[in-house]
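Coordinates as given in query32.pdb (PDB, C-alpha atoms and all ligand atoms):
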ATOM      1  CA  MET A   1      11.610  -6.644 -18.398
ATOM      2  CA  ASN A   2       7.833  -6.599 -18.123
ATOM      3  CA  GLN A   3       7.054  -8.666 -15.096
ATOM      4  CA  PRO A   4       8.111  -7.549 -11.646
ATOM      5  CA  LYS A   5      10.400 -10.105 -10.060
ATOM      6  CA  ARG A   6       8.978 -11.117  -6.709
ATOM      7  CA  VAL A   7      11.593 -12.584  -4.428
ATOM      8  CA  GLU A   8       9.755 -13.380  -1.202
ATOM      9  CA  HIS A   9       6.718 -12.615   0.879
ATOM     10  CA  GLN A  10       7.074 -10.529   3.970
ATOM     11  CA  MET A  11       4.773  -9.286   6.744
ATOM     12  CA  THR A  12       4.628  -5.533   6.342
ATOM     13  CA  ASP A  13       2.397  -2.630   7.216
ATOM     14  CA  LYS A  14       0.068  -3.835   4.477
ATOM     15  CA  GLY A  15      -0.119  -7.446   5.609
ATOM     16  CA  TYR A  16       1.660 -10.189   3.703
ATOM     17  CA  VAL A  17       2.829  -8.726   0.443
ATOM     18  CA  PRO A  18       5.442  -9.683  -2.096
ATOM     19  CA  VAL A  19       8.784  -7.997  -1.694
ATOM     20  CA  TYR A  20      10.713  -7.427  -4.890
ATOM     21  CA  THR A  21      14.293  -7.254  -5.960
ATOM     22  CA  THR A  22      16.176  -4.287  -4.625
ATOM     23  CA  ASP A  23      17.273  -3.238  -8.096
ATOM     24  CA  VAL A  24      16.547   0.268  -9.234
ATOM     25  CA  VAL A  25      15.104   0.039 -12.747
ATOM     26  CA  ASP A  26      14.607   2.526 -15.532
ATOM     27  CA  GLN A  27      10.904   3.172 -15.952
ATOM     28  CA  PRO A  28      10.138   0.998 -18.991
ATOM     29  CA  TRP A  29       7.865   3.675 -20.395
ATOM     30  CA  ASP A  30       7.604   2.169 -23.885
ATOM     31  CA  SER A  31       6.194  -1.021 -22.412
ATOM     32  CA  TYR A  32       3.033   0.690 -21.154
ATOM     33  CA  THR A  33       0.059  -0.398 -23.227
ATOM     34  CA  PRO A  34      -2.772   1.908 -24.336
ATOM     35  CA  GLU A  35      -4.816   0.222 -21.603
ATOM     36  CA  ASP A  36      -2.187   1.119 -18.956
ATOM     37  CA  HIS A  37      -2.403   4.776 -20.022
ATOM     38  CA  ALA A  38      -6.203   4.565 -20.008
ATOM     39  CA  VAL A  39      -6.212   3.160 -16.454
ATOM     40  CA  TRP A  40      -3.981   6.050 -15.376
ATOM     41  CA  ALA A  41      -6.340   8.547 -17.041
ATOM     42  CA  THR A  42      -9.424   7.024 -15.401
ATOM     43  CA  LEU A  43      -7.876   7.002 -11.947
ATOM     44  CA  PHE A  44      -6.316  10.449 -12.337
ATOM     45  CA  GLU A  45      -9.531  12.143 -13.464
ATOM     46  CA  ARG A  46     -11.675  10.384 -10.895
ATOM     47  CA  GLN A  47      -9.422  11.294  -7.983
ATOM     48  CA  ARG A  48      -8.791  14.879  -9.097
ATOM     49  CA  GLN A  49     -12.564  15.398  -9.051
ATOM     50  CA  ILE A  50     -13.094  13.788  -5.675
ATOM     51  CA  LEU A  51     -10.156  15.610  -4.133
ATOM     52  CA  VAL A  52     -11.278  19.157  -4.876
ATOM     53  CA  GLY A  53     -12.202  20.545  -1.477
ATOM     54  CA  ARG A  54     -11.010  17.300   0.178
ATOM     55  CA  ALA A  55      -7.246  17.104  -0.371
ATOM     56  CA  SER A  56      -4.988  19.730   1.146
ATOM     57  CA  ASP A  57      -4.566  22.799  -1.069
ATOM     58  CA  GLU A  58      -0.835  22.141  -1.051
ATOM     59  CA  PHE A  59      -1.281  18.636  -2.483
ATOM     60  CA  LEU A  60      -3.635  19.809  -5.237
ATOM     61  CA  HIS A  61      -1.437  22.727  -6.156
ATOM     62  CA  GLN A  62       1.845  20.818  -6.173
ATOM     63  CA  GLN A  63       0.438  17.965  -8.222
ATOM     64  CA  GLN A  64      -0.464  20.442 -10.916
ATOM     65  CA  ALA A  65       2.809  22.342 -10.571
ATOM     66  CA  MET A  66       4.727  19.116 -11.242
ATOM     67  CA  GLY A  67       2.998  18.700 -14.547
ATOM     68  CA  MET A  68       1.161  15.447 -13.847
ATOM     69  CA  THR A  69      -1.780  15.144 -16.213
ATOM     70  CA  PRO A  70      -4.292  12.449 -17.154
ATOM     71  CA  ASP A  71      -3.066  12.477 -20.773
ATOM     72  CA  GLN A  72      -0.539   9.709 -20.300
ATOM     73  CA  ILE A  73       1.487   7.987 -17.592
ATOM     74  CA  PRO A  74       4.099  10.568 -16.665
ATOM     75  CA  ARG A  75       7.725   9.861 -17.457
ATOM     76  CA  PHE A  76       9.928  10.003 -14.361
ATOM     77  CA  THR A  77      12.536  11.716 -16.526
ATOM     78  CA  ASP A  78      10.090  14.575 -17.186
ATOM     79  CA  LEU A  79       9.099  15.000 -13.532
ATOM     80  CA  ASN A  80      12.581  14.702 -12.054
ATOM     81  CA  PRO A  81      14.026  18.058 -13.170
ATOM     82  CA  VAL A  82      10.994  19.845 -11.692
ATOM     83  CA  LEU A  83      11.175  17.920  -8.422
ATOM     84  CA  LYS A  84      14.941  18.181  -8.155
ATOM     85  CA  GLN A  85      14.785  21.915  -8.661
ATOM     86  CA  ALA A  86      12.051  22.320  -6.024
ATOM     87  CA  THR A  87      13.391  20.191  -3.139
ATOM     88  CA  GLY A  88      16.347  18.087  -4.303
ATOM     89  CA  TRP A  89      14.286  14.868  -4.476
ATOM     90  CA  GLU A  90      14.267  12.460  -7.393
ATOM     91  CA  LEU A  91      12.094   9.535  -8.395
ATOM     92  CA  ILE A  92      13.637   6.122  -8.960
ATOM     93  CA  GLY A  93      11.832   3.206 -10.576
ATOM     94  CA  VAL A  94      11.397   0.002  -8.578
ATOM     95  CA  GLU A  95       9.644  -3.320  -9.125
ATOM     96  CA  GLY A  96       7.549  -2.943  -5.977
ATOM     97  CA  LEU A  97       7.868  -2.920  -2.215
ATOM     98  CA  LEU A  98      11.474  -2.859  -1.026
ATOM     99  CA  PRO A  99      13.079  -4.364   2.074
ATOM    100  CA  GLU A 100      12.750  -1.823   4.881
ATOM    101  CA  LEU A 101      16.392  -0.792   5.218
ATOM    102  CA  THR A 102      16.776  -0.282   1.467
ATOM    103  CA  PHE A 103      13.653   1.868   1.486
ATOM    104  CA  PHE A 104      14.913   4.001   4.393
ATOM    105  CA  GLU A 105      18.289   4.521   2.720
ATOM    106  CA  HIS A 106      16.645   5.781  -0.446
ATOM    107  CA  LEU A 107      14.517   8.260   1.491
ATOM    108  CA  ALA A 108      17.471   9.478   3.534
ATOM    109  CA  ASN A 109      19.178  10.314   0.243
ATOM    110  CA  ARG A 110      16.124  12.026  -1.216
ATOM    111  CA  ARG A 111      15.318   9.250  -3.649
ATOM    112  CA  PHE A 112      11.668   8.247  -3.716
ATOM    113  CA  PRO A 113      11.064   4.699  -4.994
ATOM    114  CA  VAL A 114       8.099   4.558  -7.363
ATOM    115  CA  THR A 115       6.649   1.227  -8.486
ATOM    116  CA  TRP A 116       6.818   1.370 -12.267
ATOM    117  CA  TRP A 117       3.808  -0.850 -13.121
ATOM    118  CA  ILE A 118       0.153   0.182 -12.883
ATOM    119  CA  ARG A 119      -2.833  -1.830 -11.638
ATOM    120  CA  LYS A 120      -5.340  -3.511 -13.962
ATOM    121  CA  ARG A 121      -8.794  -2.089 -14.567
ATOM    122  CA  GLU A 122     -10.344  -4.761 -12.300
ATOM    123  CA  GLN A 123      -8.274  -3.264  -9.476
ATOM    124  CA  LEU A 124      -9.315   0.386  -9.834
ATOM    125  CA  ASP A 125     -10.725   0.552  -6.320
ATOM    126  CA  TYR A 126      -8.323  -1.642  -4.400
ATOM    127  CA  LEU A 127      -5.122  -3.619  -4.531
ATOM    128  CA  ALA A 128      -3.000  -4.844  -1.664
ATOM    129  CA  GLU A 129       0.385  -3.601  -2.886
ATOM    130  CA  PRO A 130       1.497  -0.151  -3.903
ATOM    131  CA  ASP A 131       1.501   0.448  -7.658
ATOM    132  CA  LEU A 132       2.415   3.384  -9.881
ATOM    133  CA  PHE A 133      -0.827   5.199  -9.180
ATOM    134  CA  HIS A 134      -0.486   5.040  -5.406
ATOM    135  CA  ASP A 135       3.198   5.945  -5.423
ATOM    136  CA  LEU A 136       3.200   8.641  -8.085
ATOM    137  CA  PHE A 137      -0.204  10.262  -7.742
ATOM    138  CA  GLY A 138      -0.351   9.762  -3.971
ATOM    139  CA  HIS A 139       3.148  10.302  -2.612
ATOM    140  CA  VAL A 140       5.042  12.446  -5.063
ATOM    141  CA  PRO A 141       3.143  15.785  -5.095
ATOM    142  CA  LEU A 142       3.983  16.662  -1.477
ATOM    143  CA  LEU A 143       7.684  15.970  -2.116
ATOM    144  CA  MET A 144       7.500  19.335  -3.918
ATOM    145  CA  ASN A 145       6.779  21.013  -0.568
ATOM    146  CA  PRO A 146      10.058  21.959   1.148
ATOM    147  CA  VAL A 147       8.908  21.167   4.683
ATOM    148  CA  PHE A 148       7.284  17.854   3.815
ATOM    149  CA  ALA A 149      10.292  16.972   1.653
ATOM    150  CA  ASP A 150      12.571  17.497   4.659
ATOM    151  CA  TYR A 151      10.247  15.427   6.846
ATOM    152  CA  MET A 152      10.453  12.481   4.447
ATOM    153  CA  ALA A 153      14.251  12.596   4.304
ATOM    154  CA  ALA A 154      14.433  12.864   8.103
ATOM    155  CA  TYR A 155      12.096   9.880   8.301
ATOM    156  CA  GLY A 156      14.502   7.900   6.147
ATOM    157  CA  ARG A 157      17.411   8.717   8.455
ATOM    158  CA  GLY A 158      15.205   7.872  11.444
ATOM    159  CA  GLY A 159      14.353   4.560   9.792
ATOM    160  CA  VAL A 160      17.998   3.590   9.393
ATOM    161  CA  LYS A 161      18.480   4.376  13.064
ATOM    162  CA  ALA A 162      15.371   2.539  14.268
ATOM    163  CA  HIS A 163      16.374  -0.471  12.175
ATOM    164  CA  ALA A 164      19.639  -0.634  14.091
ATOM    165  CA  ILE A 165      17.889  -0.235  17.450
ATOM    166  CA  GLY A 166      15.541  -3.141  16.860
ATOM    167  CA  PRO A 167      12.149  -4.415  15.736
ATOM    168  CA  GLU A 168      10.119  -2.662  18.452
ATOM    169  CA  ALA A 169      11.512   0.739  17.517
ATOM    170  CA  LEU A 170      10.675  -0.039  13.927
ATOM    171  CA  VAL A 171       7.078  -0.843  14.855
ATOM    172  CA  ASN A 172       6.759   2.529  16.592
ATOM    173  CA  LEU A 173       8.248   4.384  13.650
ATOM    174  CA  THR A 174       6.120   2.512  11.116
ATOM    175  CA  ARG A 175       2.967   3.618  12.959
ATOM    176  CA  LEU A 176       4.093   7.215  12.581
ATOM    177  CA  TYR A 177       4.510   6.735   8.828
ATOM    178  CA  TRP A 178       1.136   5.033   8.624
ATOM    179  CA  TYR A 179      -0.785   7.738  10.484
ATOM    180  CA  THR A 180       0.965  10.676   8.774
ATOM    181  CA  VAL A 181       2.440   9.917   5.340
ATOM    182  CA  GLU A 182      -0.183   7.300   4.440
ATOM    183  CA  PHE A 183      -3.335   8.298   6.336
ATOM    184  CA  GLY A 184      -2.815  11.831   7.645
ATOM    185  CA  LEU A 185      -5.363  14.655   7.755
ATOM    186  CA  ILE A 186      -4.496  18.345   8.028
ATOM    187  CA  ARG A 187      -6.524  21.214   9.443
ATOM    188  CA  GLN A 188      -6.886  24.056   6.981
ATOM    189  CA  PRO A 189      -8.668  27.349   7.743
ATOM    190  CA  ASP A 190     -11.695  26.014   5.867
ATOM    191  CA  GLY A 191     -11.788  22.597   7.520
ATOM    192  CA  LEU A 192     -10.137  19.178   7.588
ATOM    193  CA  ARG A 193      -8.347  18.048   4.452
ATOM    194  CA  ILE A 194      -6.430  14.972   3.350
ATOM    195  CA  TYR A 195      -2.673  14.770   2.825
ATOM    196  CA  GLY A 196      -2.055  11.032   3.362
ATOM    197  CA  SER A 197      -1.123   9.106   0.218
ATOM    198  CA  GLY A 198      -3.076   6.001   1.120
ATOM    199  CA  ILE A 199      -6.190   8.160   1.256
ATOM    200  CA  VAL A 200      -5.684  10.382  -1.794
ATOM    201  CA  SER A 201      -5.115   7.333  -3.986
ATOM    202  CA  SER A 202      -8.359   5.677  -2.771
ATOM    203  CA  LYS A 203     -11.782   6.781  -3.924
ATOM    204  CA  GLY A 204     -13.671   5.222  -1.048
ATOM    205  CA  GLU A 205     -11.398   6.352   1.758
ATOM    206  CA  SER A 206     -11.129   9.921   0.379
ATOM    207  CA  ILE A 207     -14.816  10.336   1.108
ATOM    208  CA  HIS A 208     -14.997   8.136   4.204
ATOM    209  CA  CYS A 209     -12.157   9.781   6.129
ATOM    210  CA  LEU A 210     -13.800  13.214   6.049
ATOM    211  CA  GLU A 211     -17.506  12.516   5.773
ATOM    212  CA  SER A 212     -18.220   9.323   7.695
ATOM    213  CA  ALA A 213     -19.306   9.511  11.343
ATOM    214  CA  SER A 214     -17.648   6.174  12.157
ATOM    215  CA  PRO A 215     -13.919   7.018  12.513
ATOM    216  CA  ASN A 216     -12.231   9.032  15.248
ATOM    217  CA  ARG A 217     -10.460  12.220  14.184
ATOM    218  CA  ILE A 218      -7.851  13.168  16.755
ATOM    219  CA  GLY A 219      -5.178  15.862  17.015
ATOM    220  CA  PHE A 220      -1.610  14.848  16.150
ATOM    221  CA  ASP A 221       0.355  13.581  19.154
ATOM    222  CA  LEU A 222       3.674  11.883  18.400
ATOM    223  CA  GLU A 223       3.899   9.333  21.200
ATOM    224  CA  ARG A 224       0.185   8.587  21.103
ATOM    225  CA  ILE A 225       0.517   7.737  17.406
ATOM    226  CA  MET A 226       3.601   5.610  17.978
ATOM    227  CA  ARG A 227       1.591   3.533  20.461
ATOM    228  CA  THR A 228      -1.429   3.061  18.222
ATOM    229  CA  ARG A 229      -2.087  -0.070  16.175
ATOM    230  CA  TYR A 230      -3.808   0.239  12.809
ATOM    231  CA  ARG A 231      -5.998  -1.530  10.278
ATOM    232  CA  ILE A 232      -4.541  -3.042   7.155
ATOM    233  CA  ASP A 233      -7.759  -4.668   5.967
ATOM    234  CA  SER A 234     -10.255  -1.800   6.078
ATOM    235  CA  PHE A 235     -10.623   1.949   6.311
ATOM    236  CA  GLN A 236      -8.841   3.375   9.350
ATOM    237  CA  LYS A 237     -10.737   3.565  12.633
ATOM    238  CA  THR A 238      -8.776   6.657  13.631
ATOM    239  CA  TYR A 239      -7.251   9.522  11.666
ATOM    240  CA  PHE A 240      -4.747  11.938  13.217
ATOM    241  CA  VAL A 241      -4.906  15.591  12.275
ATOM    242  CA  ILE A 242      -1.905  17.908  11.951
ATOM    243  CA  ASP A 243      -2.202  21.716  11.995
ATOM    244  CA  SER A 244       0.632  22.211   9.523
ATOM    245  CA  TYR A 245       3.572  20.414   7.923
ATOM    246  CA  GLU A 246       5.803  22.498  10.203
ATOM    247  CA  GLN A 247       4.111  20.918  13.222
ATOM    248  CA  LEU A 248       4.995  17.481  11.848
ATOM    249  CA  MET A 249       8.588  18.480  11.194
ATOM    250  CA  ASP A 250       9.067  20.147  14.592
ATOM    251  CA  ALA A 251       7.543  17.256  16.535
ATOM    252  CA  THR A 252       9.881  14.769  14.876
ATOM    253  CA  LEU A 253      13.131  16.753  15.214
ATOM    254  CA  PRO A 254      14.115  15.345  18.642
ATOM    255  CA  ASP A 255      16.122  12.152  18.936
ATOM    256  CA  PHE A 256      13.620   9.296  19.217
ATOM    257  CA  THR A 257      15.974   6.984  21.132
ATOM    258  CA  PRO A 258      14.579   7.858  24.599
ATOM    259  CA  ILE A 259      11.048   7.740  23.206
ATOM    260  CA  TYR A 260      11.583   4.197  21.909
ATOM    261  CA  GLU A 261      12.867   3.202  25.357
ATOM    262  CA  ARG A 262       9.857   4.704  27.071
ATOM    263  CA  LEU A 263       7.395   3.143  24.656
ATOM    264  CA  ALA A 264       8.937  -0.308  25.027
ATOM    265  CA  ALA A 265       7.569  -0.415  28.575
ATOM    266  CA  GLN A 266       4.037   0.618  27.580
ATOM    267  CA  GLU A 267       1.023  -1.156  26.140
ATOM    268  CA  SER A 268      -0.096  -0.276  22.642
ATOM    269  CA  PHE A 269      -3.527   1.231  21.986
ATOM    270  CA  PRO A 270      -6.192  -0.441  19.841
ATOM    271  CA  ALA A 271      -6.762   1.295  16.510
ATOM    272  CA  GLY A 272     -10.193   2.607  17.446
ATOM    273  CA  SER A 273      -9.548   3.707  21.030
ATOM    274  CA  VAL A 274      -9.908   7.252  22.348
ATOM    275  CA  GLN A 275      -7.555   8.266  25.164
ATOM    276  CA  GLY A 276      -8.158  10.799  27.926
ATOM    277  CA  THR A 277      -5.314  12.973  26.691
ATOM    278  CA  ASP A 278      -6.600  13.161  23.098
ATOM    279  CA  THR A 279      -7.715  16.339  21.379
ATOM    280  CA  VAL A 280     -10.872  14.915  19.866
ATOM    281  CA  PHE A 281     -12.225  16.591  16.743
ATOM    282  CA  GLN A 282     -14.709  13.806  16.261
ATOM    283  CA  ARG A 283     -15.391  10.741  18.355
ATOM    284  CA  GLY A 284     -16.254   7.966  15.937
ATOM    285  CA  THR A 285     -19.482   6.026  16.222
ATOM    286  CA  GLY A 286     -17.578   2.873  15.332
ATOM    287  CA  GLU A 287     -20.281   1.887  12.886
ATOM    288  CA  GLY A 288     -19.174  -0.826  10.501
ATOM    289  CA  TRP A 289     -15.857  -1.410  12.199
ATOM    290  CA  PRO A 290     -14.469  -4.863  11.492
ATOM    291  CA  GLU A 291     -13.886  -7.275  14.330
ATOM    292  CA  GLY A 292     -10.553  -8.950  14.700
ATOM    293  CA  ALA A 293      -7.079  -7.890  15.554
ATOM    294  CA  ASP A 294      -5.399  -4.641  14.564
ATOM    295  CA  ALA A 295      -1.964  -4.772  12.981
TER     296      ALA A 295
HETATM  297  N1  LIG A 301      14.031  12.423  14.957
HETATM  298  C1  LIG A 301      13.841  11.034  14.665
HETATM  299  C2  LIG A 301      14.882  10.163  15.368
HETATM  300  O1  LIG A 301      15.745  10.620  16.035
HETATM  301  C3  LIG A 301      13.904  10.764  13.166
HETATM  302  C4  LIG A 301      12.646  11.071  12.475
HETATM  303  C5  LIG A 301      12.453  12.253  11.789
HETATM  304  C6  LIG A 301      11.624  10.152  12.454
HETATM  305  C7  LIG A 301      11.273  12.508  11.125
HETATM  306  C8  LIG A 301      10.468  10.386  11.791
HETATM  307  C9  LIG A 301      10.281  11.558  11.121
HETATM  308  O2  LIG A 301      14.815   8.979  15.265
HETATM  309 CO    CO A 302       2.390   4.405   0.260
END
I'd like the structure from this file rewritten - as structure tokens, please.
Amino acid sequence: MNQPKRVEHQMTDKGYVPVYTTDVVDQPWDSYTPEDHAVWATLFERQRQILVGRASDEFLHQQQAMGMTPDQIPRFTDLNPVLKQATGWELIGVEGLLPELTFFEHLANRRFPVTWWIRKREQLDYLAEPDLFHDLFGHVPLLMNPVFADYMAAYGRGGVKAHAIGPEALVNLTRLYWYTVEFGLIRQPDGLRIYGSGIVSSKGESIHCLESASPNRIGFDLERIMRTRYRIDSFQKTYFVIDSYEQLMDATLPDFTPIYERLAAQESFPAGSVQGTDTVFQRGTGEGWPEGADA
């Protein structure tokens, strides 16, 4: 079992990407080549350097506490006892992106699906689908944090519910995931830091999201986020900033059912827009923003 088994293509939050079998697989660790381990080492060392002073202290600390190192691709079976002990989560191996409902059900049960295969060296800077580096390096460290761990499980339960309500609810909920779990910033005493997995696993966006004058940086606002479209083909035009993981958890505790109903009657916002009600940390210059429709 070396090649992921793609079963179909599906429009997702990352554009059209292959969706794989729903099978949970044992991480075929012995099948990793020396080159796979070397790609991991290159990416790991590069990002750890870039992320000092850029990623949230919690992310940096927890990644180390888990025992992830550049030495070799970690074995899920080595990380799982540590993670399980900390927050009750476990990693499961998957071939790649899962159908939405399957994904939500795993999260609700504190199982985080990690793509077992790693990108090729030609794809160090970008690939369209999540791979081992994005999933493991990017998503897993914060699952060690009790509050964030609870948020992710609650999100899974919320996903199952939104899936039953209908596609519009799912769009709203997916935007929340996008602007927090994937592309979120957090305000630390010493300034803005990254916690979003899509950012921490990307060299270019790790620098861009904090240092570029072009994007908006706006205070977290649940319904505002759920109305906001996003970019799948470029760096984000807008980043939303939380004050703490508790803020995220507290804001998402209420039942979303009435929120979905309210939002169904409202227009969505373009990815790069600034609204009158926003807490604006930085109004983006919009320099270099791509034309064309937001997702
Ligand atoms: N409280 C949300 C609901 O009722 C579920 C949820 C929790 C969604 C956390 C996202 C994050 O649907
Ligand atoms: Co991701």
Exercise for the section: Name the residues in contact with A:Ser244 at a cut-off of 10 Å, using only C-alpha atoms, excluding same-chain residues fewer than 3 positions from it; report them as a VMD selection string. Expected result: chain A and resid 147 to 148 185 to 188 241 247 to 249
Residues at most 12 Å from stretch 26-37 of chain A, counting all atoms listed in the file, excluding those fewer than 2 positions away in the same chain, as a PDB file with C-alpha atoms, keeping the file's coordinate frame?
ATOM      1  CA  MET A   1      11.610  -6.644 -18.398  1.00  0.00           C
ATOM      2  CA  ASN A   2       7.833  -6.599 -18.123  1.00  0.00           C
ATOM      3  CA  GLN A   3       7.054  -8.666 -15.096  1.00  0.00           C
ATOM      4  CA  PRO A   4       8.111  -7.549 -11.646  1.00  0.00           C
ATOM      5  CA  ASP A  23      17.273  -3.238  -8.096  1.00  0.00           C
ATOM      6  CA  VAL A  24      16.547   0.268  -9.234  1.00  0.00           C
ATOM      7  CA  VAL A  39      -6.212   3.160 -16.454  1.00  0.00           C
ATOM      8  CA  TRP A  40      -3.981   6.050 -15.376  1.00  0.00           C
ATOM      9  CA  ALA A  41      -6.340   8.547 -17.041  1.00  0.00           C
ATOM     10  CA  THR A  42      -9.424   7.024 -15.401  1.00  0.00           C
ATOM     11  CA  LEU A  43      -7.876   7.002 -11.947  1.00  0.00           C
ATOM     12  CA  PHE A  44      -6.316  10.449 -12.337  1.00  0.00           C
ATOM     13  CA  THR A  69      -1.780  15.144 -16.213  1.00  0.00           C
ATOM     14  CA  PRO A  70      -4.292  12.449 -17.154  1.00  0.00           C
ATOM     15  CA  ASP A  71      -3.066  12.477 -20.773  1.00  0.00           C
ATOM     16  CA  GLN A  72      -0.539   9.709 -20.300  1.00  0.00           C
ATOM     17  CA  ILE A  73       1.487   7.987 -17.592  1.00  0.00           C
ATOM     18  CA  PRO A  74       4.099  10.568 -16.665  1.00  0.00           C
ATOM     19  CA  ARG A  75       7.725   9.861 -17.457  1.00  0.00           C
ATOM     20  CA  PHE A  76       9.928  10.003 -14.361  1.00  0.00           C
ATOM     21  CA  THR A  77      12.536  11.716 -16.526  1.00  0.00           C
ATOM     22  CA  ASP A  78      10.090  14.575 -17.186  1.00  0.00           C
ATOM     23  CA  LEU A  91      12.094   9.535  -8.395  1.00  0.00           C
ATOM     24  CA  ILE A  92      13.637   6.122  -8.960  1.00  0.00           C
ATOM     25  CA  GLY A  93      11.832   3.206 -10.576  1.00  0.00           C
ATOM     26  CA  VAL A  94      11.397   0.002  -8.578  1.00  0.00           C
ATOM     27  CA  GLU A  95       9.644  -3.320  -9.125  1.00  0.00           C
ATOM     28  CA  PRO A 113      11.064   4.699  -4.994  1.00  0.00           C
ATOM     29  CA  VAL A 114       8.099   4.558  -7.363  1.00  0.00           C
ATOM     30  CA  THR A 115       6.649   1.227  -8.486  1.00  0.00           C
ATOM     31  CA  TRP A 116       6.818   1.370 -12.267  1.00  0.00           C
ATOM     32  CA  TRP A 117       3.808  -0.850 -13.121  1.00  0.00           C
ATOM     33  CA  ILE A 118       0.153   0.182 -12.883  1.00  0.00           C
ATOM     34  CA  ARG A 119      -2.833  -1.830 -11.638  1.00  0.00           C
ATOM     35  CA  LYS A 120      -5.340  -3.511 -13.962  1.00  0.00           C
ATOM     36  CA  ARG A 121      -8.794  -2.089 -14.567  1.00  0.00           C
ATOM     37  CA  GLU A 122     -10.344  -4.761 -12.300  1.00  0.00           C
ATOM     38  CA  LEU A 124      -9.315   0.386  -9.834  1.00  0.00           C
ATOM     39  CA  ASP A 131       1.501   0.448  -7.658  1.00  0.00           C
ATOM     40  CA  LEU A 132       2.415   3.384  -9.881  1.00  0.00           C
ATOM     41  CA  PHE A 133      -0.827   5.199  -9.180  1.00  0.00           C
TER      42      PHE A 133
END
Exercise for the section: Could you please extract the residues within 8 Å of ligand LIG 301 (chain A), counting all atoms listed in the file, and hand them back as a ChimeraX atom specification? Expected result: /A:151-159,161-162,173,176-177,248-249,252-257
Practice task
Name the residues that the PyMOL selection byres (((chain A and resi 207) around 12) and not hetatm) picks from the file above, as a ChimeraX atom specification, using the file's chain letters and numbers.
Solution key: /A:47,49-55,192-194,199-206,208-213,215,235
Practice task
Report as a PyMOL selection string which protein, DNA and RNA residues come within 6 Å of ligand CO 302 (chain A), using all atoms listed in the file.
Solution key: chain A and resi 135+182+197-198
Practice task
Tell me which protein, DNA and RNA residues are within 6 Å of stretch 220-233 of chain A, counting all atoms listed in the file, leaving out same-chain ones fewer than 5 positions away, and put them as a ChimeraX atom specification.
Solution key: /A:14,172,175-176,240-242,268-271,294-295
Problem - Separation of atom CA of A:Val274 from atom CA of A:Ser56 in Å - result: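 Going from atom CA of A:Ser56 over to atom CA of A:Val274 covers 25.1 Å.
Closest approach to A:Gln63 from the set A:His106, A:His134, A:Lys237, A:His139 is made by A:His139, with distances taken over all atoms listed in the file.
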Practice task
Point out the residue among A:Pro18, A:Pro99, A:Pro141, A:Gly284 with the least atom-to-atom distance to A:His61, counting only C-alpha atoms.
Solution key: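 When distances to A:His61 are compared using only C-alpha atoms, the smallest one comes from A:Pro141.
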I'd like the box whose edges run along x, y and z of the file and which contains every listed atom of stretch 162-174 of chain A, padded by 5 Å per side; could you state its centre and edge lengths in Å, one decimal, as JSON?
{"center_x": 12.9, "center_y": 0.0, "center_z": 14.8, "size_x": 23.5, "size_y": 18.8, "size_z": 17.3}
Handout entry: Coordinates-based distance that separates atom CA of A:Thr174 from atom CA of A:Gly276 (Å, one decimal)
Key =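 Distance reported for this atom pair: 23.6 Å.
For A:Gln85, the residues within 12 Å (counting all atoms listed in the file, excluding itself and residues fewer than 2 positions away along the chain) are A:Met66, A:Leu79, A:Asn80, A:Pro81, A:Val82, A:Leu83, A:Thr87, A:Gly88, A:Trp89, A:Glu90, A:Leu143, A:Met144, A:Asn145, A:Pro146.
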Practice task
Would you list the residues near (-13.0, 13.1, 18.0) (no more than 9 Å away, in the coordinates of the file, using only C-alpha atoms) as a PyMOL selection string?
Solution key: chain A and resi 215-219+238+274+278-284
Problem - Point-to-point distance from atom CA of A:Leu142 to atom CA of A:Glu129, Å rounded to tenths - result: 20.6 Å
Handout entry: Among the residues A:Met68, A:Val181, A:Ala149, A:Ala86, the one that comes closest to A:Phe137 [using all atoms listed in the file]
Key =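 When distances to A:Phe137 are compared using all atoms listed in the file, the smallest one comes from A:Met68.
Candidate residues A:Leu97, A:Ala169, A:Leu60, A:Leu263 were compared for distance to A:Thr22, and the nearest is A:Leu97, using only C-alpha atoms.
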Handout entry: Residue among A:Thr277, A:Leu101, A:Gly288, A:Gly196 lying closest to A:Tyr245, counting all atoms listed in the file
Key =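 Among the listed residues, A:Gly196 lies closest to A:Tyr245.
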